[in-house]
$ cat structure_37.cif   # mmCIF, C-alpha atoms and all ligand atoms
data_structure
loop_
_atom_site.label_atom_id
_atom_site.label_comp_id
_atom_site.auth_asym_id
_atom_site.auth_seq_id
_atom_site.Cartn_x
_atom_site.Cartn_y
_atom_site.Cartn_z
CA MET A 1 71.63 80.31 97.27
CA ASN A 2 75.11 78.92 96.70
CA GLY A 3 76.78 82.18 97.57
CA LEU A 4 75.48 82.10 101.12
CA VAL A 5 76.86 78.60 101.64
CA ASP A 6 80.25 79.90 100.49
CA PHE A 7 79.85 82.89 102.77
CA PHE A 8 79.52 80.74 105.89
CA ARG A 9 82.13 78.20 104.76
CA LEU A 10 84.63 81.00 104.28
CA ILE A 11 83.93 82.35 107.76
CA VAL A 12 84.32 78.90 109.32
CA HIS A 13 87.64 78.27 107.53
CA ARG A 14 89.24 81.44 108.72
CA ASN A 15 87.90 81.39 112.25
CA LEU A 16 88.17 77.72 113.13
CA PHE A 17 90.87 76.07 111.01
CA SER A 18 93.96 74.95 112.94
CA HIS A 19 97.42 74.83 111.30
CA LYS A 20 96.81 71.14 110.64
CA HIS A 21 93.41 71.79 109.05
CA ILE A 22 94.90 74.49 106.83
CA GLN A 23 97.72 72.26 105.58
CA ALA A 24 95.44 69.28 104.97
CA TYR A 25 92.93 71.46 103.14
CA GLN A 26 95.65 73.08 101.00
CA LEU A 27 97.15 69.71 100.09
CA LYS A 28 93.76 68.33 99.08
CA GLN A 29 92.91 71.38 96.96
CA LEU A 30 96.38 71.41 95.42
CA ASN A 31 96.17 67.75 94.41
CA ASN A 32 92.74 68.32 92.84
CA LEU A 33 94.22 71.21 90.88
CA ILE A 34 97.24 69.13 89.83
CA LYS A 35 95.02 66.27 88.68
CA HIS A 36 92.82 68.57 86.61
CA THR A 37 95.75 70.52 85.17
CA LYS A 38 97.76 67.44 84.23
CA LYS A 39 94.79 66.15 82.27
CA HIS A 40 93.81 69.39 80.52
CA ALA A 41 96.97 71.51 80.18
CA PRO A 42 99.54 70.11 77.69
CA TYR A 43 102.28 72.33 79.20
CA TYR A 44 102.05 70.44 82.47
CA GLN A 45 101.52 66.89 81.25
CA LYS A 46 105.02 65.69 82.14
CA THR A 47 106.05 67.99 84.98
CA LEU A 48 103.17 67.71 87.46
CA HIS A 49 102.45 64.91 89.89
CA PRO A 50 100.36 64.69 93.06
CA LEU A 51 102.14 65.40 96.36
CA THR A 52 101.96 63.47 99.62
CA SER A 53 102.96 66.49 101.69
CA LEU A 54 103.35 70.24 101.24
CA ASN A 55 107.05 69.75 102.02
CA GLU A 56 107.37 68.39 98.48
CA LEU A 57 106.16 71.63 96.90
CA ASN A 58 109.60 72.47 95.52
CA GLN A 59 109.36 69.40 93.26
CA LEU A 60 106.85 71.33 91.18
CA PRO A 61 108.20 73.77 88.56
CA LEU A 62 108.09 77.54 89.10
CA ILE A 63 106.49 79.88 86.60
CA ASN A 64 106.18 83.66 86.29
CA LYS A 65 104.21 86.09 84.16
CA ALA A 66 106.59 85.70 81.20
CA THR A 67 106.21 81.87 81.23
CA LEU A 68 102.46 82.17 81.66
CA MET A 69 102.16 84.46 78.65
CA GLU A 70 104.61 82.51 76.49
CA HIS A 71 102.78 79.23 77.05
CA PHE A 72 99.33 80.74 77.50
CA ASP A 73 97.53 78.35 75.12
CA THR A 74 98.95 75.17 76.67
CA ILE A 75 98.71 76.30 80.31
CA ASN A 76 95.02 77.19 80.36
CA THR A 77 92.72 74.20 80.61
CA VAL A 78 89.77 75.63 78.69
CA GLY A 79 91.26 75.94 75.19
CA ILE A 80 91.49 79.74 75.05
CA HIS A 81 93.92 81.14 72.48
CA LYS A 82 96.04 84.05 73.58
CA GLU A 83 96.03 86.07 70.39
CA GLU A 84 92.27 86.19 70.02
CA ALA A 85 91.56 86.62 73.72
CA MET A 86 94.12 89.41 74.05
CA LYS A 87 92.62 91.26 71.09
CA ILE A 88 89.17 91.10 72.65
CA ALA A 89 90.38 92.02 76.15
CA VAL A 90 92.26 95.07 74.85
CA LYS A 91 89.30 96.16 72.75
CA LYS A 92 86.92 95.85 75.72
CA GLU A 93 89.33 97.88 77.79
CA LYS A 94 89.56 100.62 75.18
CA ASP A 95 85.79 100.71 74.70
CA LYS A 96 85.28 100.58 78.51
CA ASP A 97 82.95 97.72 77.80
CA TYR A 98 83.05 95.64 80.95
CA LEU A 99 79.87 93.69 80.32
CA GLY A 100 79.53 90.20 79.00
CA TYR A 101 81.58 87.04 79.20
CA TYR A 102 84.22 85.73 76.85
CA GLN A 103 82.79 82.67 75.06
CA ASP A 104 79.88 83.03 77.47
CA HIS A 105 81.87 81.51 80.35
CA PHE A 106 84.92 83.57 81.24
CA VAL A 107 86.01 86.98 82.47
CA LEU A 108 89.27 88.17 80.89
CA GLY A 109 91.44 90.44 83.01
CA LEU A 110 94.39 92.46 81.79
CA SER A 111 97.17 93.37 84.12
CA SER A 112 99.40 96.23 83.23
CA GLY A 113 103.14 96.19 83.05
CA THR A 114 105.86 97.78 80.99
CA SER A 115 105.32 97.27 77.26
CA GLY A 116 105.35 93.65 76.23
CA ASN A 117 104.75 92.61 79.80
CA LYS A 118 101.00 92.62 79.79
CA GLY A 119 99.34 89.76 81.64
CA LEU A 120 96.08 88.12 80.61
CA PHE A 121 94.11 86.34 83.30
CA ILE A 122 91.11 84.05 82.91
CA THR A 123 88.47 83.69 85.61
CA PRO A 124 85.52 81.32 85.08
CA LYS A 125 82.04 82.81 85.40
CA SER A 126 81.24 80.46 88.31
CA LEU A 127 84.18 81.80 90.32
CA THR A 128 83.40 85.43 89.48
CA LYS A 129 79.90 84.98 90.83
CA LYS A 130 81.31 83.86 94.17
CA LEU A 131 83.59 86.86 94.55
CA PRO A 132 81.11 89.23 96.23
CA PHE A 133 80.59 86.61 98.95
CA VAL A 134 84.32 86.20 99.38
CA PHE A 135 84.66 89.93 99.75
CA LEU A 136 81.78 90.04 102.21
CA ALA A 137 82.77 87.03 104.30
CA ARG A 138 86.35 88.18 104.45
CA SER A 139 85.86 91.88 104.99
CA GLY A 140 85.57 91.74 108.76
CA LEU A 141 82.15 93.40 108.78
CA PRO A 142 80.70 93.03 112.28
CA LEU A 143 77.13 91.76 112.59
CA ARG A 144 76.17 94.84 114.58
CA PHE A 145 76.41 96.79 111.32
CA LEU A 146 73.40 94.90 109.97
CA PRO A 147 71.54 95.64 107.81
CA TYR A 148 74.43 95.99 105.39
CA ARG A 149 73.66 98.42 102.59
CA ILE A 150 76.71 98.08 100.44
CA LEU A 151 77.97 99.97 97.45
CA PHE A 152 80.55 97.86 95.65
CA MET A 153 82.66 99.82 93.17
CA LEU A 154 84.20 97.54 90.60
CA ARG A 155 86.77 98.29 87.97
CA VAL A 156 85.86 95.07 86.21
CA PHE A 157 82.14 95.18 85.82
CA SER A 158 80.53 92.03 84.58
CA GLN A 159 77.14 90.40 84.35
CA GLY A 160 78.10 88.11 87.21
CA PHE A 161 77.43 90.98 89.54
CA ASN A 162 73.70 91.29 89.88
CA ASP A 163 72.49 93.58 92.61
CA ILE A 164 71.47 91.68 95.74
CA ASN A 165 68.39 92.58 97.74
CA ALA A 166 68.09 90.30 100.74
CA PRO A 167 66.40 91.46 103.98
CA MET A 168 69.63 92.08 105.86
CA ILE A 169 72.03 92.58 102.97
CA SER A 170 71.61 94.80 99.97
CA LEU A 171 74.40 95.16 97.51
CA LYS A 172 74.59 97.71 94.73
CA TYR A 173 77.28 97.50 92.05
CA LEU A 174 78.75 100.46 90.22
CA SER A 175 81.64 100.77 87.82
CA THR A 176 84.58 102.83 89.10
CA MET A 177 84.22 104.82 85.88
CA THR A 178 80.89 106.29 87.12
CA PRO A 179 80.96 110.12 87.47
CA VAL A 180 81.27 111.35 91.07
CA ASN A 181 77.86 113.06 91.18
CA GLU A 182 76.20 109.83 90.08
CA ILE A 183 78.08 107.85 92.75
CA MET A 184 76.89 110.38 95.35
CA ASP A 185 73.30 110.01 94.10
CA GLN A 186 73.51 106.24 94.54
CA ILE A 187 75.05 106.55 98.01
CA ASN A 188 72.21 108.78 99.17
CA THR A 189 69.36 107.01 97.34
CA HIS A 190 70.30 103.61 98.73
CA LYS A 191 71.34 104.93 102.17
CA ILE A 192 74.67 103.16 101.70
CA ASN A 193 76.46 102.42 104.99
CA ILE A 194 79.33 100.33 103.64
CA LEU A 195 81.50 101.48 100.77
CA MET A 196 83.75 98.98 98.99
CA ALA A 197 86.08 100.71 96.55
CA PRO A 198 89.72 101.15 95.54
CA PRO A 199 91.58 103.83 97.59
CA SER A 200 91.93 106.06 94.51
CA LEU A 201 88.15 106.21 94.26
CA CYS A 202 87.70 106.91 97.98
CA ARG A 203 90.05 109.86 97.57
CA LEU A 204 87.80 111.20 94.81
CA LEU A 205 84.91 111.22 97.28
CA LEU A 206 86.81 113.06 100.04
CA PRO A 207 85.60 116.55 99.03
CA GLN A 208 82.00 115.21 98.94
CA VAL A 209 81.87 114.09 102.56
CA HIS A 210 79.36 116.79 103.59
CA HIS A 211 76.89 115.68 100.93
CA ILE A 212 76.53 112.17 102.35
CA HIS A 213 73.18 111.93 104.21
CA THR A 214 73.54 108.56 105.97
CA PRO A 215 76.90 108.22 107.75
CA LEU A 216 79.17 105.46 106.47
CA LYS A 217 79.97 102.72 108.98
CA MET A 218 82.83 101.17 107.12
CA ILE A 219 85.01 101.57 104.06
CA VAL A 220 86.57 98.45 102.56
CA THR A 221 89.35 99.11 100.06
CA TYR A 222 90.96 96.77 97.58
CA ALA A 223 92.92 96.59 94.30
CA GLU A 224 95.60 99.08 95.38
CA VAL A 225 97.98 99.32 98.28
CA LEU A 226 96.43 101.34 101.11
CA GLU A 227 99.05 103.29 103.01
CA GLU A 228 98.63 103.83 106.73
CA GLU A 229 98.45 107.63 106.47
CA GLU A 230 95.86 107.38 103.77
CA LYS A 231 93.82 104.94 105.83
CA GLN A 232 93.83 107.39 108.73
CA ARG A 233 92.85 110.28 106.48
CA LEU A 234 89.86 108.34 105.09
CA ALA A 235 88.87 107.22 108.58
CA SER A 236 88.96 110.71 110.06
CA THR A 237 87.22 112.39 107.11
CA PHE A 238 84.42 109.84 106.76
CA GLN A 239 84.35 109.13 110.53
CA CYS A 240 84.29 105.37 110.04
CA LYS A 241 86.45 102.28 110.17
CA VAL A 242 88.62 101.61 107.10
CA ILE A 243 89.83 98.10 106.28
CA GLU A 244 91.43 96.55 103.22
CA ILE A 245 91.36 93.51 101.00
CA TYR A 246 94.51 92.48 99.15
CA GLN A 247 93.37 91.45 95.72
CA ALA A 248 95.55 90.84 92.66
CA SER A 249 94.94 89.64 89.12
CA GLU A 250 96.45 86.37 90.34
CA GLY A 251 93.90 85.82 93.10
CA GLN A 252 92.20 86.97 96.28
CA MET A 253 95.34 87.10 98.35
CA ALA A 254 94.22 88.40 101.75
CA SER A 255 91.49 90.25 103.58
CA ALA A 256 91.04 92.02 106.89
CA CYS A 257 89.43 90.46 109.96
CA SER A 258 87.30 92.25 112.54
CA HIS A 259 90.51 93.50 114.18
CA GLY A 260 91.41 95.16 110.90
CA HIS A 261 94.42 92.93 110.29
CA LEU A 262 95.07 91.44 106.85
CA HIS A 263 95.00 87.63 106.84
CA ILE A 264 96.18 85.54 103.90
CA ASN A 265 93.23 83.64 102.39
CA GLU A 266 94.96 80.32 103.06
CA ASP A 267 92.01 78.33 101.71
CA MET A 268 92.10 80.13 98.35
CA VAL A 269 95.80 80.76 97.73
CA LEU A 270 98.82 78.80 98.84
CA VAL A 271 101.49 81.41 99.56
CA GLU A 272 105.18 80.49 99.83
CA LEU A 273 107.57 83.11 101.14
CA LYS A 274 111.29 82.59 100.48
CA ASP A 275 114.55 84.23 101.39
CA GLN A 276 117.51 84.65 98.98
CA ASN A 277 118.53 81.01 99.47
CA MET A 278 114.99 79.82 98.82
CA ASN A 279 114.50 78.90 102.48
CA GLU A 280 111.03 79.44 103.85
CA VAL A 281 110.37 82.74 105.62
CA THR A 282 108.02 82.19 108.56
CA GLN A 283 108.99 84.95 110.98
CA PRO A 284 107.16 88.28 111.15
CA HIS A 285 108.65 91.71 110.34
CA VAL A 286 111.02 90.39 107.65
CA VAL A 287 110.79 91.26 103.96
CA ALA A 288 110.63 87.99 102.04
CA HIS A 289 112.79 87.96 98.94
CA LYS A 290 110.30 85.99 96.87
CA MET A 291 106.58 85.38 97.02
CA ILE A 292 105.27 82.32 95.20
CA ILE A 293 101.57 81.65 94.97
CA THR A 294 99.34 78.80 93.90
CA ASN A 295 95.75 79.76 93.22
CA LEU A 296 93.72 76.92 94.74
CA VAL A 297 90.34 77.92 93.31
CA ASN A 298 90.89 78.80 89.65
CA VAL A 299 91.26 75.68 87.51
CA ALA A 300 90.62 77.43 84.17
CA GLN A 301 94.04 79.05 84.18
CA PRO A 302 96.13 77.18 86.74
CA LEU A 303 98.65 79.36 88.54
CA ILE A 304 100.85 76.79 90.20
CA ARG A 305 103.95 78.06 92.00
CA TYR A 306 103.70 81.41 90.24
CA GLU A 307 106.21 84.10 91.24
CA MET A 308 104.53 87.36 92.18
CA ASN A 309 106.15 90.78 91.99
CA ASP A 310 104.70 91.92 95.30
CA LEU A 311 106.77 91.85 98.45
CA ILE A 312 105.02 91.24 101.73
CA VAL A 313 105.99 91.35 105.38
CA LEU A 314 104.28 88.99 107.83
CA ASP A 315 102.94 90.19 111.16
CA ASP A 316 102.56 88.61 114.61
CA PRO A 317 99.60 86.24 115.15
CA CYS A 318 96.33 88.18 115.34
CA PRO A 319 94.31 88.50 118.58
CA CYS A 320 91.22 87.44 116.58
CA GLY A 321 92.52 83.86 116.95
CA SER A 322 92.55 82.92 113.26
CA HIS A 323 95.47 80.75 112.21
CA PHE A 324 95.54 82.31 108.75
CA ARG A 325 98.87 84.16 108.54
CA THR A 326 98.72 87.95 108.92
CA ILE A 327 100.36 90.50 106.66
CA LYS A 328 101.94 93.60 108.21
CA HIS A 329 102.22 95.36 104.89
CA VAL A 330 102.39 94.91 101.16
CA LEU A 331 105.46 96.63 99.81
CA GLY A 332 104.13 96.85 96.31
CA ARG A 333 105.63 95.37 93.24
CA HIS A 334 109.27 94.69 92.56
CA ASP A 335 109.31 97.00 89.58
CA ASP A 336 107.94 99.80 91.69
CA VAL A 337 111.01 99.90 93.88
CA PHE A 338 113.27 102.82 92.96
CA PHE A 339 117.03 102.33 93.00
CA PHE A 340 119.51 105.20 93.35
CA THR A 341 123.26 105.03 92.79
CA LEU A 342 125.16 106.44 95.77
CA GLU A 343 128.54 108.19 95.61
CA ASP A 344 130.37 104.95 96.44
CA GLY A 345 128.61 103.22 93.55
CA THR A 346 126.22 101.08 95.63
CA LYS A 347 122.52 100.99 94.82
CA GLN A 348 120.08 102.22 97.45
CA PRO A 349 116.48 100.94 97.12
CA LEU A 350 113.55 103.15 98.09
CA PHE A 351 110.28 101.33 98.69
CA PRO A 352 107.04 102.85 97.39
CA ASP A 353 105.34 102.86 100.78
CA LEU A 354 108.08 105.05 102.21
CA ILE A 355 107.98 107.55 99.34
CA SER A 356 104.17 107.59 99.54
CA ARG A 357 104.33 108.47 103.19
CA TRP A 358 106.65 111.41 102.44
CA ILE A 359 104.35 112.71 99.71
CA ILE A 360 101.04 112.23 101.52
CA THR A 361 102.26 113.74 104.75
CA THR A 362 103.63 116.86 103.06
CA SER A 363 100.22 118.32 102.35
CA GLU A 364 96.50 117.68 102.79
CA ASN A 365 95.90 119.10 99.33
CA ILE A 366 97.06 116.17 97.22
CA ARG A 367 94.30 114.13 95.64
CA GLU A 368 96.42 111.82 93.55
CA TYR A 369 100.05 111.55 92.53
CA GLN A 370 102.41 109.62 90.36
CA LEU A 371 106.18 109.36 90.54
CA ILE A 372 108.29 108.47 87.54
CA GLN A 373 111.97 107.64 87.69
CA HIS A 374 113.82 108.26 84.42
CA ASN A 375 116.87 106.41 83.08
CA ASP A 376 119.28 108.94 84.59
CA GLU A 377 117.61 108.39 88.03
CA SER A 378 116.04 111.85 88.01
CA CYS A 379 112.39 111.84 89.06
CA GLU A 380 109.22 113.51 87.96
CA LEU A 381 106.37 113.90 90.44
CA ILE A 382 102.94 114.54 88.98
CA ILE A 383 100.44 115.97 91.45
CA ASP A 384 96.69 116.19 91.04
CA PRO A 385 95.96 118.91 93.61
CA MET A 386 92.75 119.55 95.54
CA ILE A 387 93.43 123.30 95.42
CA HIS A 388 94.10 125.58 92.50
CA ASN A 389 95.89 128.48 94.08
CA ASP A 390 99.22 128.68 95.82
CA LEU A 391 100.56 125.74 93.84
CA SER A 392 104.07 127.17 93.85
CA HIS A 393 104.07 126.86 97.65
CA LEU A 394 102.95 123.23 97.44
CA LYS A 395 105.62 122.55 94.84
CA ALA A 396 108.35 124.04 97.06
CA GLN A 397 107.10 122.03 100.06
CA LEU A 398 107.23 118.77 98.11
CA ILE A 399 110.68 119.37 96.67
CA GLU A 400 112.01 120.33 100.10
CA ARG A 401 110.45 117.31 101.81
CA LEU A 402 111.55 114.73 99.27
CA THR A 403 115.12 115.99 98.80
CA GLN A 404 115.62 116.21 102.58
CA ALA A 405 114.15 112.74 103.19
CA CYS A 406 116.33 111.26 100.44
CA LEU A 407 119.45 112.89 101.87
CA GLU A 408 119.00 110.75 104.99
CA TYR A 409 119.72 107.81 102.69
CA GLN A 410 122.66 109.61 101.01
CA ILE A 411 120.54 110.06 97.89
CA HIS A 412 120.91 113.39 96.05
CA LEU A 413 117.49 113.51 94.49
CA LYS A 414 116.87 115.42 91.27
CA ILE A 415 113.15 116.04 91.08
CA LYS A 416 110.67 117.99 88.97
CA VAL A 417 107.10 118.60 90.17
CA THR A 418 104.24 119.17 87.74
CA PHE A 419 100.51 119.62 88.33
CA LYS A 420 97.79 118.05 86.29
CA ALA A 421 94.57 116.06 86.69
CA ILE A 422 95.22 112.33 87.01
CA PRO A 423 92.15 110.41 85.80
CA LEU A 424 91.16 107.17 87.49
CA PRO A 425 93.03 104.28 85.95
CA GLN A 426 91.14 102.60 83.16
CA ASP A 427 92.92 99.30 83.25
CA LYS A 428 91.82 96.65 85.65
CA ALA A 429 95.16 96.02 87.29
CA LYS A 430 96.48 97.80 90.32
CA TYR A 431 96.97 101.45 89.63
CA LYS A 432 100.64 102.22 89.17
CA ARG A 433 101.77 105.24 91.15
CA PHE A 434 105.44 104.43 90.86
CA ILE A 435 106.90 103.94 87.44
CA VAL A 436 110.50 103.10 86.69
CA GLN A 437 111.36 103.93 83.09
CA GLY A 438 114.01 102.03 81.26
ZN ZN B 501 92.64 88.72 112.78
#

$ encode --input "structure_37.cif" --output "structure tokens" --more "lines below"
Ligand SMILES: [Zn+2]
Amino acid sequence: MNGLVDFFRLIVHRNLFSHKHIQAYQLKQLNNLIKHTKKHAPYYQKTLHPLTSLNELNQLPLINKATLMEHFDTINTVGIHKEEAMKIAVKKEKDKDYLGYYQDHFVLGLSSGTSGNKGLFITPKSLTKKLPFVFLARSGLPLRFLPYRILFMLRVFSQGFNDINAPMISLKYLSTMTPVNEIMDQINTHKINILMAPPSLCRLLLPQVHHIHTPLKMIVTYAEVLEEEEKQRLASTFQCKVIEIYQASEGQMASACSHGHLHINEDMVLVELKDQNMNEVTQPHVVAHKMIITNLVNVAQPLIRYEMNDLIVLDDPCPCGSHFRTIKHVLGRHDDVFFFTLEDGTKQPLFPDLISRWIITTSENIREYQLIQHNDESCELIIDPMIHNDLSHLKAQLIERLTQACLEYQIHLKIKVTFKAIPLPQDKAKYKRFIVQG
């Protein structure tokens, strides 16, 4: 079983690779990718060349989502045409048809964005099939939790994900679009002890905690940013450990170790962090201005020196001993950062994780929320409440909390709060809680 070989290889890489090993491995993988891309992607024929050291990385051109989409046909190495593929991907999304492969070999993933900024990502079938093992090997699950009986909730559901029934590991896949009562049935029928799901789905299950027969041992979240307060709320309600995987359309960026710290998957993505002058950021606790990634495992659609919108902050080395860099937190996407004009005309940024903390800590009765900033900088907060009475009190609490918190930053917040059900996101990208209009 190929997957199991990958499983152990992935564990060895993270636990035993020294800095030197990591760099040598990255250089080798990168040069393989360059060789393949140069041969098969017309866009790169003249601009790519093999490197002798990672210090030469800046000789390779940068791209971003706009470049990728503009030159889609000549960047991918498998002859996929954007127009046709996009049509099919959008149709599948609308029909919620997540089964089947494109041209029998590829999974197409859409990433959301403001209109005209949609991203289309290609993952080969062979890579998709390895993903469950990546998730497992990199999820920090201790062996004492064996046998693992895992429920893996996937937004993108494809035929690559066959249920696994090995003596010590069973893995059941469900789409995140499955109704809650059906999810609960599956959890109880299969005596699930490990739940892998996006945070928004875990929140849906919060009110069901008393209906779970076999206690959960661990929750592994991915696909969305997991805020600290939310992590604690899940941990205390489900009485289990909660860890996260940092997964993006662009690649499997990072996953938690047994200490619960997020490590960059250095053997799968090459991550460059830069300051405003494009100097490398290596120190912890500093927000890097730019994050540039090279996906080392996907040769169908090479992402070489691709600028991400996410902002990350590195952490101190982890006591687990791995030399894979650790991430303190993911600040979300650039376009999620809200800017407010102060009285002296300067712009004050507010990061999503901070606003989230204010909202989540105001009340226990918020299941989901979304904050929209309009052109005139006024905001609209949509709340999906867990209660249905006393909403005016909740509304007053939220307005009070947010306006007061903003005042500490000299921001005079204009905010409207409305209540309505927020359905689980249907697109496969990270769920957007913070939307800047304009
Ligand atoms: Zn660690």

$ atom_distance --input "structure_37.cif" --atom1 "CA of Leu303 (chain A)" --atom2 "CA of Gly251 (chain A)"
9.2 Å

$ closest_residue --input "structure_37.cif" --among "A:Ile219, A:Ile387, A:Val269, A:Leu206" --to "Arg149 (chain A)" --atoms "only C-alpha atoms"
A:Ile219

$ residues_around --input "structure_37.cif" --residues "Ala396 (chain A)" --least-positions-apart "5" --cutoff "10 Å" --atoms "all atoms listed in the file" --output "list of chain:residue names"
A:Leu391, A:Arg401, A:Val417

$ atom_distance --input "structure_37.cif" --atom1 "CA of Arg305 (chain A)" --atom2 "CA of Leu60 (chain A)"
7.4 Å

$ residues_near_ligand --input "structure_37.cif" --ligand "ligand ZN 501 (chain B)" --cutoff "6 Å" --atoms "all atoms listed in the file" --output "ChimeraX atom specification"
/A:257,259,261,318,320,322

$ atom_distance --input "structure_37.cif" --atom1 "CA of Thr67 (chain A)" --atom2 "CA of Leu131 (chain A)"
26.7 Å

$ residues_around --input "structure_37.cif" --residues "Leu27 (chain A)" --least-positions-apart "4" --cutoff "8 Å" --atoms "all atoms listed in the file" --output "PyMOL selection string"
chain A and resi 23+31+51-54

$ closest_residue --input "structure_37.cif" --among "A:Arg14, A:Lys420, A:His40, A:Lys191" --to "Ser258 (chain A)" --atoms "all atoms listed in the file"
A:Arg14

$ residues_around --input "structure_37.cif" --residues "Glu343 (chain A)" --least-positions-apart "4" --cutoff "10 Å" --atoms "all atoms listed in the file" --output "PDB file with C-alpha atoms, in the coordinates of the input"
ATOM      1  CA  LYS A 347     122.520 100.990  94.820  1.00  0.00           C
ATOM      2  CA  GLN A 410     122.660 109.610 101.010  1.00  0.00           C
ATOM      3  CA  ILE A 411     120.540 110.060  97.890  1.00  0.00           C
ATOM      4  CA  HIS A 412     120.910 113.390  96.050  1.00  0.00           C
TER       5      HIS A 412
END

$ build_atoms --input "structure_37.cif" --residues "region 183-202 of chain A" --atoms "N, CA and C atoms" --output "compact mmCIF listing (two decimals), keeping the file's coordinate frame"
# COMPACT_ATOMS: atom_id res chain seq x y z
N ILE A 183 77.74 108.72 91.60
CA ILE A 183 78.08 107.85 92.75
C ILE A 183 77.41 108.42 94.00
N MET A 184 77.49 109.74 94.17
CA MET A 184 76.89 110.38 95.35
C MET A 184 75.37 110.16 95.37
N ASP A 185 74.74 110.27 94.20
CA ASP A 185 73.30 110.01 94.10
C ASP A 185 72.96 108.62 94.61
N GLN A 186 73.75 107.64 94.15
CA GLN A 186 73.51 106.24 94.54
C GLN A 186 73.72 106.05 96.04
N ILE A 187 74.76 106.68 96.58
CA ILE A 187 75.05 106.55 98.01
C ILE A 187 73.86 107.06 98.83
N ASN A 188 73.32 108.20 98.41
CA ASN A 188 72.21 108.78 99.17
C ASN A 188 70.88 108.07 98.92
N THR A 189 70.61 107.70 97.66
CA THR A 189 69.36 107.01 97.34
C THR A 189 69.26 105.69 98.09
N HIS A 190 70.34 104.95 98.12
CA HIS A 190 70.30 103.61 98.73
C HIS A 190 70.73 103.61 100.19
N LYS A 191 70.91 104.80 100.77
CA LYS A 191 71.34 104.93 102.17
C LYS A 191 72.52 104.00 102.46
N ILE A 192 73.50 104.06 101.59
CA ILE A 192 74.67 103.16 101.70
C ILE A 192 75.38 103.38 103.05
N ASN A 193 75.67 102.27 103.76
CA ASN A 193 76.46 102.42 104.99
C ASN A 193 77.81 101.73 104.91
N ILE A 194 78.03 100.97 103.84
CA ILE A 194 79.33 100.33 103.64
C ILE A 194 79.79 100.57 102.22
N LEU A 195 80.96 101.18 102.09
CA LEU A 195 81.50 101.48 100.77
C LEU A 195 82.69 100.58 100.50
N MET A 196 82.62 99.82 99.39
CA MET A 196 83.75 98.98 98.99
C MET A 196 84.30 99.53 97.69
N ALA A 197 85.53 100.04 97.73
CA ALA A 197 86.08 100.71 96.55
C ALA A 197 87.60 100.79 96.64
N PRO A 198 88.26 100.96 95.50
CA PRO A 198 89.72 101.15 95.54
C PRO A 198 90.06 102.49 96.23
N PRO A 199 91.21 102.59 96.89
CA PRO A 199 91.58 103.83 97.59
C PRO A 199 91.53 105.06 96.69
N SER A 200 91.92 104.89 95.41
CA SER A 200 91.93 106.06 94.51
C SER A 200 90.52 106.61 94.34
N LEU A 201 89.52 105.74 94.38
CA LEU A 201 88.15 106.21 94.26
C LEU A 201 87.68 106.88 95.55
N CYS A 202 88.05 106.31 96.68
CA CYS A 202 87.70 106.91 97.98
C CYS A 202 88.25 108.33 98.07
